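S.K.: The structure follows.
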Amino acid sequence: MAVFDFDLGILGGGAAGLTAAAGAAQFGAKTILVEKAEKLGGDCLHFGCVPSKTLIRTAGVWSLARRAKEFGLPEIELPPVSLAAVMDRVRSVIDRIQEHDSPERFCRLGAAVRFGKPRFVDDHTVTVDGDRLTARAWIVATGSSPSLPPVEGIADVPYWTNETVFSQTELPGHLLVLGGGPIGVEMAQAFRRLGSKVTIIEYGDQVLGPEDPDIALILRNRLEAEGVKVLTDTKALKTTTAGSSVLLRVGPAKGDGEPWTIEGDILLVAAGRKPNVEGLELPAAGVEFSPRGVPADSRMRTNVSHIYSCGDVNGVFPFTHVAGYEAGIALSNAVLRLPRKADYSKVPWCTYTDPEVASIGLNERRAKASGVEYRVLESPFRDVDRALAEGETEGKIKVLISPSGALLGCQIAGHHAGELIHEWVAAINGGVKLSTMAGAIHAYPTLAEISKKAAGSYYSEKLFSDRTRKILRFLFDLKGRACTPEGEAG
């Protein structure tokens, strides 16, 4: 029987890798984690979730200050923003969280951490700066990086990605955002609120392509109301520079039409990701991969059964919480030898714009594509008392149910949608009935009442129908209406 240095080896110190390393070590598996960067934490901590949400919060505070008059307060004259000071705060938050992702912490848990560039030699052996490390099983969790779209000249003009935007110190006069997905719209709104002119260029017919059109439109309307120019159905053709400006040549994405040029100061590329597989020498281990990533089965196994693929690198869902979930699946299989399988049907996600856009399960677009029969229950934020008090009445909740009333999915576009969606995450994962949601007591006044209103709408139309009234009138000798508005029939 072969003898290996470690029970489990992990490539990548991001969300998936850290989850797997902490779990494996605490189970008693001899574990080594290899990270090519100088610090642990991965994309989420250094270039993704943490810095973006910190920046979004800062921009949100500035935006709220501009709205002071709406709340009966004196109007405020706001000075220009120092992007350097804003990014100092972003880095301070990263540094604080970094303490939890230190090699010392993982050493205390029992996992060794090695920094350097890993390379497979065979299916059990990886070299790091010349040292050979062997493990009974390996997890590839190297994440993804921003990719440049096929636009002529794009590599030769000044551009930012999520990996460079948080190190900037000068606020651009005009930011061109290439891509209307989550990263694009989040950064577009944040920079607009901080004082930049912003234009979004999106090839598809809406921002946030996977969302239902009516949900995406709620966000688009807010972006445009705040001064962001949103160009959908628009293809980027060519980029050049003129002095200190970036010139972006664009045209209609489909059909005829003359191209035109947009002038800006910098280009933020947010139009796709690529798996981090370069330099891993996966063929030496016999691991198959493609431009989309390192595919894995439902147990997170690659085509080599003792090598697993988790997080962004496998190309399934580019979410930190999914990376952690997948790491747990891989850990169960690789260390505990339990044949646990991933289930992606109940994965929630959120775009952290204002209003936020959150989703779980089926929306109308996915239901139609799958041929699933459904019915939609809706309730607007403007009917929720807390939303009125907060001055946040934009948006709505959409709940999809089957003809029998079973929960299929939920989408929320509105204030704190990312928090509100978790009531539906629990309900859908727990098989909770719609009647339970409708009958549950919700604290007043809270935004969460919108969930009760949506669920209750399914029953109210039956409970308070003409047929019900007639039956109750007959059974209990009820006398009917006590008042009828003028002009309406009794």
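Quick note on naming: the chains in the structure tokens go A, B, ... in the order shown, residues restart at 1 in each chain, and ligands are numbered from 1 in order of appearance.
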Please identify every residue of stretch 83-155 of chain A that has at least one atom no farther than 8 Å from an atom of stretch 297-315 of chain A, counting only C-alpha atoms, and for each give the shortest atom pair and the distance in Å to one decimal, arranged by chain then increasing number, as JSON lines.
M.R.:
{"residue": "A:Asp123", "atom": "CA", "partner": "A:Ile307", "partner_atom": "CA", "distance": 7.6}
{"residue": "A:Arg136", "atom": "CA", "partner": "A:His306", "partner_atom": "CA", "distance": 7.3}
{"residue": "A:Ala137", "atom": "CA", "partner": "A:His306", "partner_atom": "CA", "distance": 4.9}
{"residue": "A:Trp138", "atom": "CA", "partner": "A:Ile307", "partner_atom": "CA", "distance": 4.8}
{"residue": "A:Ile139", "atom": "CA", "partner": "A:Tyr308", "partner_atom": "CA", "distance": 4.5}
{"residue": "A:Val140", "atom": "CA", "partner": "A:Ser309", "partner_atom": "CA", "distance": 4.8}
{"residue": "A:Ala141", "atom": "CA", "partner": "A:Cys310", "partner_atom": "CA", "distance": 5.1}
{"residue": "A:Thr142", "atom": "CA", "partner": "A:Val313", "partner_atom": "CA", "distance": 6.0}
{"residue": "A:Gly143", "atom": "CA", "partner": "A:Asp312", "partner_atom": "CA", "distance": 4.6}
{"residue": "A:Ser144", "atom": "CA", "partner": "A:Asp312", "partner_atom": "CA", "distance": 5.5}
S.K.: Could the residues in this selection be saved with N, CA and C atoms as an mmCIF file, in the first residue's frame?
M.R.:
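To be explicit, this is the file written out as result.cif:
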data_model
loop_
_atom_site.group_PDB
_atom_site.id
_atom_site.type_symbol
_atom_site.label_atom_id
_atom_site.label_comp_id
_atom_site.auth_asym_id
_atom_site.auth_seq_id
_atom_site.Cartn_x
_atom_site.Cartn_y
_atom_site.Cartn_z
ATOM 1 N N ASP A 123 -0.662 11.964 -10.229
ATOM 2 C CA ASP A 123 -1.971 12.136 -9.612
ATOM 3 C C ASP A 123 -1.945 12.165 -8.083
ATOM 4 N N ARG A 136 -2.817 11.418 -0.337
ATOM 5 C CA ARG A 136 -3.730 10.364 -0.790
ATOM 6 C C ARG A 136 -4.822 10.948 -1.682
ATOM 7 N N ALA A 137 -5.269 12.174 -1.353
ATOM 8 C CA ALA A 137 -6.284 12.851 -2.165
ATOM 9 C C ALA A 137 -5.926 14.327 -2.258
ATOM 10 N N TRP A 138 -6.315 14.943 -3.362
ATOM 11 C CA TRP A 138 -6.074 16.365 -3.579
ATOM 12 C C TRP A 138 -7.386 17.073 -3.898
ATOM 13 N N ILE A 139 -7.491 18.309 -3.435
ATOM 14 C CA ILE A 139 -8.607 19.184 -3.815
ATOM 15 C C ILE A 139 -8.032 20.364 -4.575
ATOM 16 N N VAL A 140 -8.525 20.568 -5.806
ATOM 17 C CA VAL A 140 -8.137 21.733 -6.600
ATOM 18 C C VAL A 140 -9.180 22.829 -6.339
ATOM 19 N N ALA A 141 -8.757 23.899 -5.701
ATOM 20 C CA ALA A 141 -9.663 24.995 -5.343
ATOM 21 C C ALA A 141 -8.966 26.327 -5.625
ATOM 22 N N THR A 142 -8.481 26.459 -6.844
ATOM 23 C CA THR A 142 -7.642 27.600 -7.219
ATOM 24 C C THR A 142 -8.420 28.816 -7.697
ATOM 25 N N GLY A 143 -9.749 28.727 -7.769
ATOM 26 C CA GLY A 143 -10.565 29.890 -8.075
ATOM 27 C C GLY A 143 -10.564 30.304 -9.535
ATOM 28 N N SER A 144 -10.903 31.574 -9.751
ATOM 29 C CA SER A 144 -10.982 32.116 -11.110
ATOM 30 C C SER A 144 -10.432 33.534 -11.124
#
S.K.: Could you tell me, as a count of residues only, which residues of stretch 315-355 of chain A DSSP assigns to helix (DSSP H, G or I) when given the backbone?
M.R.: 18
S.K.: Leaving out A:Ile266 and any residue of its chain fewer than 6 positions from it, which residues lie within 8 Å of it when counting only C-alpha atoms, given as an mmCIF file with N, CA and C atoms, in the first residue's frame?
M.R.:
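Output file selection.cif is given in full below:
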data_model
loop_
_atom_site.group_PDB
_atom_site.id
_atom_site.type_symbol
_atom_site.label_atom_id
_atom_site.label_comp_id
_atom_site.auth_asym_id
_atom_site.auth_seq_id
_atom_site.Cartn_x
_atom_site.Cartn_y
_atom_site.Cartn_z
ATOM 1 N N PRO A 158 -5.867 51.732 -20.751
ATOM 2 C CA PRO A 158 -5.960 51.638 -19.291
ATOM 3 C C PRO A 158 -7.274 50.954 -18.887
ATOM 4 N N TYR A 159 -7.156 49.860 -18.162
ATOM 5 C CA TYR A 159 -8.373 49.186 -17.701
ATOM 6 C C TYR A 159 -8.172 48.652 -16.289
ATOM 7 N N TRP A 160 -9.301 48.533 -15.580
ATOM 8 C CA TRP A 160 -9.325 47.934 -14.251
ATOM 9 C C TRP A 160 -10.092 46.622 -14.327
ATOM 10 N N PRO A 172 -12.211 58.372 -11.019
ATOM 11 C CA PRO A 172 -12.255 58.724 -12.441
ATOM 12 C C PRO A 172 -13.388 59.697 -12.740
ATOM 13 N N HIS A 174 -14.982 59.778 -15.685
ATOM 14 C CA HIS A 174 -15.988 58.977 -16.393
ATOM 15 C C HIS A 174 -15.501 57.533 -16.444
ATOM 16 N N LEU A 175 -16.211 56.655 -15.768
ATOM 17 C CA LEU A 175 -15.873 55.231 -15.715
ATOM 18 C C LEU A 175 -16.739 54.466 -16.709
ATOM 19 N N LEU A 176 -16.101 53.750 -17.618
ATOM 20 C CA LEU A 176 -16.823 52.891 -18.560
ATOM 21 C C LEU A 176 -16.794 51.472 -18.012
ATOM 22 N N SER A 245 -7.551 59.864 -22.409
ATOM 23 C CA SER A 245 -8.891 59.285 -22.491
ATOM 24 C C SER A 245 -8.887 57.906 -23.143
ATOM 25 N N VAL A 246 -9.888 57.113 -22.774
ATOM 26 C CA VAL A 246 -10.149 55.829 -23.421
ATOM 27 C C VAL A 246 -11.329 56.019 -24.358
#
S.K.: Quick one: which stretch 26-131 of chain A residues come within 10 Å of stretch 391-413 of chain A, and what is the nearest atom pair for each with the distance in Å to one decimal, counting only C-alpha atoms, rows ordered by chain and ascending number, as JSON lines?
M.R.:
{"residue": "A:Arg67", "atom": "CA", "partner": "A:Gly391", "partner_atom": "CA", "distance": 9.8}
{"residue": "A:Glu70", "atom": "CA", "partner": "A:Gly391", "partner_atom": "CA", "distance": 8.0}
{"residue": "A:Phe71", "atom": "CA", "partner": "A:Gly391", "partner_atom": "CA", "distance": 7.8}
S.K.: Which residue out of A:Ala284, A:Ile218, A:Leu64, A:Val376 has the minimum interatomic distance to A:Pro355 when only C-alpha atoms are used?
M.R.: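 Closest to A:Pro355, using only C-alpha atoms: A:Ile218.
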S.K.: Pick out the residues sitting within 8 Å of A:Ile56, and hand them over as a PyMOL selection string; count only C-alpha atoms, and ignore anything fewer than 2 positions along from it in its own chain.
M.R.: chain A and resi 52-54+58-60+186-187+190+352-353
S.K.: Report, in Å to a single decimal, how far apart atom CA of A:Gly180 and atom CA of A:Asp233 are.
M.R.: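 We find that atom CA of A:Asp233 and atom CA of A:Gly180 lie 10.7 Å from each other.
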S.K.: Find the distance between atom CA of A:Arg382 and atom CA of A:Ile450 and write it in Å to one decimal.
M.R.: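 Distance between the two atoms: 9.7 Å.
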S.K.: Let me make sure I understand: among A:Thr320, A:Asn333, A:Asn162, A:Thr134, which one has the smallest atom-to-atom distance to A:Trp349 if we use only C-alpha atoms?
M.R.: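 Closest to A:Trp349 of all the choices is A:Thr320.
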